[in-house]
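> Structure file work-v5.txt, compact mmCIF, N, CA and C atoms, is pasted below:
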# COMPACT_ATOMS: atom_id res chain seq x y z
N MET A 1 74.21 92.88 132.05
CA MET A 1 73.94 91.80 132.98
C MET A 1 72.71 92.18 133.80
N TYR A 2 71.90 91.17 134.14
CA TYR A 2 70.67 91.35 134.90
C TYR A 2 70.60 90.27 135.96
N LYS A 3 70.26 90.64 137.17
CA LYS A 3 70.20 89.66 138.27
C LYS A 3 68.84 89.73 138.95
N GLN A 4 68.40 88.58 139.41
CA GLN A 4 67.24 88.49 140.28
C GLN A 4 67.76 87.96 141.62
N LEU A 5 67.48 88.71 142.68
CA LEU A 5 67.89 88.32 144.03
C LEU A 5 66.66 87.82 144.78
N PHE A 6 66.82 86.73 145.49
CA PHE A 6 65.72 86.12 146.23
C PHE A 6 66.13 85.99 147.69
N PHE A 7 65.34 86.60 148.57
CA PHE A 7 65.58 86.54 150.00
C PHE A 7 64.42 85.79 150.65
N LEU A 8 64.72 84.73 151.35
CA LEU A 8 63.71 83.96 152.06
C LEU A 8 63.45 84.62 153.41
N HIS A 9 62.19 84.92 153.68
CA HIS A 9 61.84 85.55 154.95
C HIS A 9 62.12 84.59 156.10
N LYS A 10 62.64 85.14 157.17
CA LYS A 10 62.90 84.33 158.36
C LYS A 10 61.56 83.90 158.96
N SER A 11 61.47 82.64 159.33
CA SER A 11 60.25 82.12 159.94
C SER A 11 60.63 81.13 161.03
N GLU A 12 59.66 80.77 161.82
CA GLU A 12 59.91 79.81 162.88
C GLU A 12 60.40 78.50 162.28
N ASN A 13 61.55 78.05 162.70
CA ASN A 13 62.18 76.81 162.23
C ASN A 13 62.42 76.78 160.73
N ASP A 14 62.46 77.95 160.10
CA ASP A 14 62.66 78.03 158.64
C ASP A 14 61.80 77.00 157.91
N LYS A 15 60.51 76.98 158.24
CA LYS A 15 59.59 75.99 157.68
C LYS A 15 59.45 76.10 156.16
N ALA A 16 59.77 77.25 155.58
CA ALA A 16 59.66 77.42 154.14
C ALA A 16 60.93 77.00 153.40
N LEU A 17 61.99 76.72 154.13
CA LEU A 17 63.27 76.40 153.50
C LEU A 17 63.20 75.17 152.58
N PRO A 18 62.57 74.08 152.97
CA PRO A 18 62.53 72.92 152.06
C PRO A 18 61.88 73.25 150.71
N HIS A 19 60.79 74.01 150.73
CA HIS A 19 60.15 74.40 149.47
C HIS A 19 61.06 75.30 148.65
N PHE A 20 61.71 76.24 149.33
CA PHE A 20 62.63 77.16 148.64
C PHE A 20 63.76 76.38 147.98
N LYS A 21 64.36 75.45 148.72
CA LYS A 21 65.48 74.67 148.20
C LYS A 21 65.05 73.67 147.13
N ASP A 22 63.98 72.95 147.39
CA ASP A 22 63.60 71.84 146.52
C ASP A 22 62.79 72.27 145.29
N VAL A 23 62.04 73.34 145.42
CA VAL A 23 61.16 73.74 144.32
C VAL A 23 61.66 75.00 143.61
N ILE A 24 61.79 76.08 144.36
CA ILE A 24 62.19 77.36 143.75
C ILE A 24 63.57 77.27 143.12
N LEU A 25 64.56 76.76 143.86
CA LEU A 25 65.92 76.66 143.30
C LEU A 25 65.97 75.73 142.09
N ALA A 26 65.19 74.66 142.12
CA ALA A 26 65.14 73.75 140.98
C ALA A 26 64.58 74.45 139.75
N HIS A 27 63.53 75.24 139.93
CA HIS A 27 62.97 76.00 138.80
C HIS A 27 63.95 77.05 138.30
N LEU A 28 64.63 77.72 139.22
CA LEU A 28 65.62 78.73 138.80
C LEU A 28 66.72 78.08 137.96
N TYR A 29 67.14 76.90 138.37
CA TYR A 29 68.16 76.19 137.58
C TYR A 29 67.61 75.84 136.20
N GLU A 30 66.38 75.32 136.15
CA GLU A 30 65.79 74.93 134.87
C GLU A 30 65.68 76.12 133.91
N VAL A 31 65.38 77.29 134.45
CA VAL A 31 65.25 78.48 133.61
C VAL A 31 66.62 79.00 133.18
N SER A 32 67.54 79.11 134.11
CA SER A 32 68.83 79.75 133.82
C SER A 32 69.91 78.79 133.32
N ARG A 33 69.74 77.49 133.63
CA ARG A 33 70.76 76.47 133.33
C ARG A 33 72.10 76.79 133.99
N LYS A 34 72.01 77.45 135.14
CA LYS A 34 73.19 77.78 135.93
C LYS A 34 72.98 77.27 137.34
N LYS A 35 74.06 76.81 137.96
CA LYS A 35 74.00 76.37 139.35
C LYS A 35 73.63 77.56 140.22
N ILE A 36 72.68 77.35 141.11
CA ILE A 36 72.22 78.41 142.00
C ILE A 36 72.68 78.07 143.41
N ASP A 37 73.53 78.91 143.96
CA ASP A 37 74.04 78.70 145.32
C ASP A 37 73.11 79.35 146.33
N LEU A 38 72.88 78.66 147.42
CA LEU A 38 72.07 79.17 148.51
C LEU A 38 73.02 79.65 149.60
N ALA A 39 72.77 80.84 150.12
CA ALA A 39 73.61 81.41 151.17
C ALA A 39 72.75 81.76 152.37
N LYS A 40 73.34 81.65 153.54
CA LYS A 40 72.64 82.03 154.77
C LYS A 40 72.85 83.52 155.01
N VAL A 41 71.76 84.23 155.30
CA VAL A 41 71.86 85.65 155.62
C VAL A 41 72.30 85.75 157.08
N GLU A 42 73.46 86.31 157.29
CA GLU A 42 74.04 86.38 158.63
C GLU A 42 73.48 87.54 159.44
N SER A 43 73.22 88.66 158.78
CA SER A 43 72.76 89.83 159.52
C SER A 43 72.04 90.78 158.58
N ASN A 44 70.96 91.34 159.06
CA ASN A 44 70.29 92.45 158.37
C ASN A 44 69.60 93.31 159.42
N LEU A 45 70.41 93.81 160.31
CA LEU A 45 69.93 94.53 161.49
C LEU A 45 69.11 95.78 161.17
N LEU A 46 69.39 96.44 160.07
CA LEU A 46 68.72 97.69 159.77
C LEU A 46 67.39 97.52 159.02
N LEU A 47 67.04 96.29 158.71
CA LEU A 47 65.81 96.03 157.97
C LEU A 47 64.73 95.50 158.90
N GLU A 48 63.51 95.96 158.70
CA GLU A 48 62.39 95.46 159.50
C GLU A 48 62.13 93.99 159.19
N GLN A 49 62.09 93.65 157.89
CA GLN A 49 61.89 92.26 157.48
C GLN A 49 63.21 91.50 157.68
N LYS A 50 63.15 90.40 158.36
CA LYS A 50 64.34 89.58 158.59
C LYS A 50 64.37 88.45 157.56
N TYR A 51 65.56 88.11 157.11
CA TYR A 51 65.76 87.08 156.10
C TYR A 51 66.66 85.98 156.65
N SER A 52 66.45 84.77 156.18
CA SER A 52 67.27 83.66 156.64
C SER A 52 68.21 83.15 155.54
N TYR A 53 67.73 83.12 154.29
CA TYR A 53 68.55 82.60 153.18
C TYR A 53 68.40 83.48 151.97
N TYR A 54 69.36 83.35 151.07
CA TYR A 54 69.45 84.21 149.89
C TYR A 54 70.01 83.41 148.72
N CYS A 55 69.55 83.73 147.53
CA CYS A 55 70.20 83.23 146.32
C CYS A 55 70.01 84.27 145.23
N GLU A 56 70.77 84.12 144.17
CA GLU A 56 70.63 85.02 143.03
C GLU A 56 70.81 84.23 141.75
N VAL A 57 70.17 84.73 140.71
CA VAL A 57 70.33 84.14 139.39
C VAL A 57 70.69 85.28 138.43
N GLU A 58 71.62 84.98 137.55
CA GLU A 58 72.15 85.99 136.63
C GLU A 58 71.75 85.66 135.20
N PHE A 59 71.36 86.70 134.47
CA PHE A 59 71.02 86.60 133.06
C PHE A 59 71.87 87.59 132.28
N GLU A 60 72.05 87.35 131.01
CA GLU A 60 72.88 88.27 130.23
C GLU A 60 72.21 89.63 130.05
N SER A 61 70.87 89.67 130.07
CA SER A 61 70.14 90.94 129.94
C SER A 61 68.71 90.75 130.45
N LYS A 62 68.02 91.86 130.62
CA LYS A 62 66.62 91.79 131.04
C LYS A 62 65.79 91.12 129.95
N ASP A 63 66.09 91.43 128.70
CA ASP A 63 65.36 90.81 127.58
C ASP A 63 65.54 89.30 127.58
N LYS A 64 66.75 88.82 127.83
CA LYS A 64 67.00 87.38 127.88
C LYS A 64 66.24 86.75 129.04
N MET A 65 66.20 87.42 130.20
CA MET A 65 65.45 86.90 131.33
C MET A 65 63.97 86.81 130.97
N ASN A 66 63.43 87.85 130.34
CA ASN A 66 62.02 87.84 129.96
C ASN A 66 61.73 86.70 128.98
N GLU A 67 62.64 86.48 128.06
CA GLU A 67 62.49 85.38 127.10
C GLU A 67 62.45 84.03 127.83
N LEU A 68 63.37 83.83 128.76
CA LEU A 68 63.42 82.58 129.51
C LEU A 68 62.22 82.41 130.43
N MET A 69 61.73 83.51 130.98
CA MET A 69 60.56 83.43 131.86
C MET A 69 59.28 83.11 131.10
N ASN A 70 59.29 83.30 129.78
CA ASN A 70 58.14 82.95 128.96
C ASN A 70 58.19 81.52 128.46
N SER A 71 59.24 80.80 128.83
CA SER A 71 59.34 79.38 128.47
C SER A 71 58.44 78.56 129.40
N LYS A 72 58.30 77.28 129.10
CA LYS A 72 57.49 76.40 129.95
C LYS A 72 58.02 76.40 131.39
N ASN A 73 59.34 76.25 131.55
CA ASN A 73 59.94 76.26 132.89
C ASN A 73 59.77 77.61 133.58
N GLY A 74 59.90 78.68 132.82
CA GLY A 74 59.74 80.02 133.38
C GLY A 74 58.33 80.27 133.87
N LYS A 75 57.36 79.77 133.12
CA LYS A 75 55.96 79.94 133.54
C LYS A 75 55.68 79.13 134.80
N GLN A 76 56.28 77.96 134.92
CA GLN A 76 56.10 77.16 136.14
C GLN A 76 56.75 77.86 137.33
N LEU A 77 57.94 78.44 137.10
CA LEU A 77 58.61 79.21 138.16
C LEU A 77 57.72 80.37 138.60
N THR A 78 57.18 81.10 137.65
CA THR A 78 56.31 82.24 137.97
C THR A 78 55.12 81.79 138.81
N LYS A 79 54.51 80.68 138.43
CA LYS A 79 53.36 80.15 139.17
C LYS A 79 53.76 79.82 140.61
N ASP A 80 54.89 79.13 140.77
CA ASP A 80 55.34 78.77 142.12
C ASP A 80 55.73 80.00 142.94
N LEU A 81 56.31 81.00 142.30
CA LEU A 81 56.66 82.23 143.02
C LEU A 81 55.40 82.96 143.47
N MET A 82 54.36 82.94 142.65
CA MET A 82 53.10 83.59 143.02
C MET A 82 52.51 82.90 144.25
N ASP A 83 52.60 81.57 144.30
CA ASP A 83 52.07 80.82 145.44
C ASP A 83 52.92 81.02 146.70
N PHE A 84 54.17 81.39 146.51
CA PHE A 84 55.15 81.47 147.59
C PHE A 84 55.51 82.92 147.93
N HIS A 85 54.85 83.88 147.30
CA HIS A 85 55.28 85.28 147.36
C HIS A 85 55.32 85.87 148.76
N GLN A 86 54.54 85.36 149.70
CA GLN A 86 54.55 85.93 151.04
C GLN A 86 55.78 85.51 151.84
N MET A 87 56.54 84.57 151.32
CA MET A 87 57.71 84.06 152.04
C MET A 87 59.04 84.56 151.47
N ILE A 88 58.98 85.34 150.38
CA ILE A 88 60.23 85.80 149.77
C ILE A 88 60.13 87.28 149.41
N THR A 89 61.29 87.87 149.29
CA THR A 89 61.43 89.20 148.70
C THR A 89 62.33 89.04 147.49
N MET A 90 61.87 89.57 146.35
CA MET A 90 62.67 89.52 145.12
C MET A 90 63.11 90.94 144.78
N ILE A 91 64.36 91.06 144.37
CA ILE A 91 64.90 92.35 143.94
C ILE A 91 65.56 92.12 142.59
N SER A 92 65.26 93.01 141.64
CA SER A 92 65.85 92.94 140.30
C SER A 92 66.95 93.98 140.19
N ILE A 93 68.09 93.56 139.65
CA ILE A 93 69.24 94.43 139.49
C ILE A 93 69.63 94.47 138.01
N ASN A 94 69.68 95.67 137.43
CA ASN A 94 70.04 95.82 136.02
C ASN A 94 71.37 96.55 135.93
N TYR A 95 72.39 95.86 135.45
CA TYR A 95 73.72 96.46 135.30
C TYR A 95 73.87 97.22 134.00
N ASP A 96 72.91 97.08 133.09
CA ASP A 96 72.98 97.74 131.77
C ASP A 96 72.36 99.12 131.86
N ILE A 97 73.08 100.02 132.48
CA ILE A 97 72.59 101.38 132.71
C ILE A 97 72.93 102.24 131.50
N GLU A 98 71.90 102.88 130.96
CA GLU A 98 72.13 103.82 129.86
C GLU A 98 72.31 105.20 130.46
N GLU A 99 73.40 105.84 130.08
CA GLU A 99 73.66 107.17 130.65
C GLU A 99 73.55 108.21 129.59
Spit out the file's structure as structure tokens when you get a sec.

Amino acid sequence: MYKQLFFLHKSENDKALPHFKDVILAHLYEVSRKKIDLAKVESNLLLEQKYSYYCEVEFESKDKMNELMNSKNGKQLTKDLMDFHQMITMISINYDIEE
């Protein structure tokens, strides 16, 4: 299993939230074909960067995610993430650990 975590940076009046909800989440759905839930970040006291919202998308593997990201929808998502990169933090989680 492979996950991409998306944290929306806290900003004045959460001005980036509409774009995150309407554009980024829509692209994530188009790529993954899974419902993407948005959650409010309640606390992150130990981090310098403050976050307001969070979502995650799950793929069966990193290879499957790479395949989907090379699709038309995936390329559009990548383009929008590049334009929006200063407002989010992305973290990749790989559960397929080889020991």
> Using only C-alpha atoms, pick whichever of A:Ser61, A:His85, A:Ala26, A:Leu38 has the shortest atom-to-atom distance to Ile97 in chain A.
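Among the listed residues, A:Ser61 lies closest to Ile97 in chain A.
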> Given the choices A:Lys3, A:His9, A:His19, A:Lys35, which gets closest to Ser52 in chain A if the distance is worked out from only N, CA and C atoms?
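Of the candidates, the smallest distance to Ser52 in chain A is held by A:His9.
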> CA of Ser43 in chain A and atom C of Lys21 in chain A, how far apart in Å?
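Between atom C of Lys21 in chain A and CA of Ser43 in chain A the gap works out to 21.8 Å.
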> Pick the closest to Ser11 in chain A from A:Tyr51, A:Leu81, A:Glu58, A:Asn94: which is it, counting only C-alpha atoms?
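Once distances to Ser11 in chain A are computed over only C-alpha atoms, the minimum belongs to A:Tyr51.
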> Figure out the distance between atom C of Tyr95 in chain A and atom N of Phe7 in chain A, please, to one decimal in Å.
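Atom C of Tyr95 in chain A lies at a distance of 19.9 Å from atom N of Phe7 in chain A.
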> I need the helix (DSSP H, G or I) residues of range 34-70 of chain A per DSSP on the backbone, written as a list in words.
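Filtering range 34-70 of chain A down to helix (DSSP H, G or I) leaves Lys62, Asp63, Lys64, Met65, Asn66, Glu67, Leu68 and Met69 of chain A.
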> Closest to Leu17 in chain A among A:Lys40, A:Ile91, A:Ser32, A:Glu60, using only C-alpha atoms?
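Using only C-alpha atoms, the shortest distance to Leu17 in chain A belongs to A:Lys40.
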> If we count only N, CA and C atoms and set the cut-off at 7 Å, which residues sit around Asp37 in chain A, ignoring sequence neighbours fewer than 2 positions away in its own chain? Please answer as a list in words.
Lys34, Lys35, Ala39, Tyr54, Cys55 and Glu56 of chain A
> Which neighbours of range 27-30 of chain A fall inside 6 Å, counting all atoms listed in the file, when residues of the same chain fewer than 5 positions from it are skipped, and could you give them as a list of chain:residue names?
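These residues fall inside the cut-off: A:Lys35, A:Ile36, A:Asn73, A:Leu77.
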> Can you write out the residues you just picked, keeping N, CA and C atoms, as a PDB file, keeping the file's coordinate frame?

ATOM      1  N   LYS A  35      74.060  76.810 137.960  1.00  0.00           N
ATOM      2  CA  LYS A  35      74.000  76.370 139.350  1.00  0.00           C
ATOM      3  C   LYS A  35      73.630  77.560 140.220  1.00  0.00           C
ATOM      4  N   ILE A  36      72.680  77.350 141.110  1.00  0.00           N
ATOM      5  CA  ILE A  36      72.220  78.410 142.000  1.00  0.00           C
ATOM      6  C   ILE A  36      72.680  78.070 143.410  1.00  0.00           C
ATOM      7  N   ASN A  73      59.340  76.250 131.550  1.00  0.00           N
ATOM      8  CA  ASN A  73      59.940  76.260 132.890  1.00  0.00           C
ATOM      9  C   ASN A  73      59.770  77.610 133.580  1.00  0.00           C
ATOM     10  N   LEU A  77      57.940  78.440 137.100  1.00  0.00           N
ATOM     11  CA  LEU A  77      58.610  79.210 138.160  1.00  0.00           C
ATOM     12  C   LEU A  77      57.720  80.370 138.600  1.00  0.00           C
TER      13      LEU A  77
END
> Report, as lines of an AutoDock Vina configuration file, the axis-aligned box around all atoms of range 18-28 of chain A present in the file, extended by 5 Å on each side; give centre and edge lengths in Å to one decimal place.

center_x = 63.4
center_y = 75.3
center_z = 145.5
size_x = 16.6
size_y = 16.9
size_z = 25.0
> What is the CA of Glu67 in chain A to CA of Leu5 in chain A distance in Å?
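That distance, rounded to one decimal, is 18.0 Å.
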> Restricting the calculation to only C-alpha atoms: of A:Arg33, A:Asn66, A:Met82, A:Met87, which residue gets closest to Asp14 in chain A?
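Looking only at the distances to Asp14 in chain A, the closest residue turns out to be A:Met87.
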> Step one, run DSSP on the backbone; step two, keep only residues of range 49-80 of chain A assigned to strand (DSSP E or B); then write them as number ranges by chain.
A: 51-59
> I'd like to know which of A:Ile93, A:Leu47, A:Ile24, A:Met1 is closest to Lys79 in chain A, using only C-alpha atoms.
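Closest candidate: A:Ile24.
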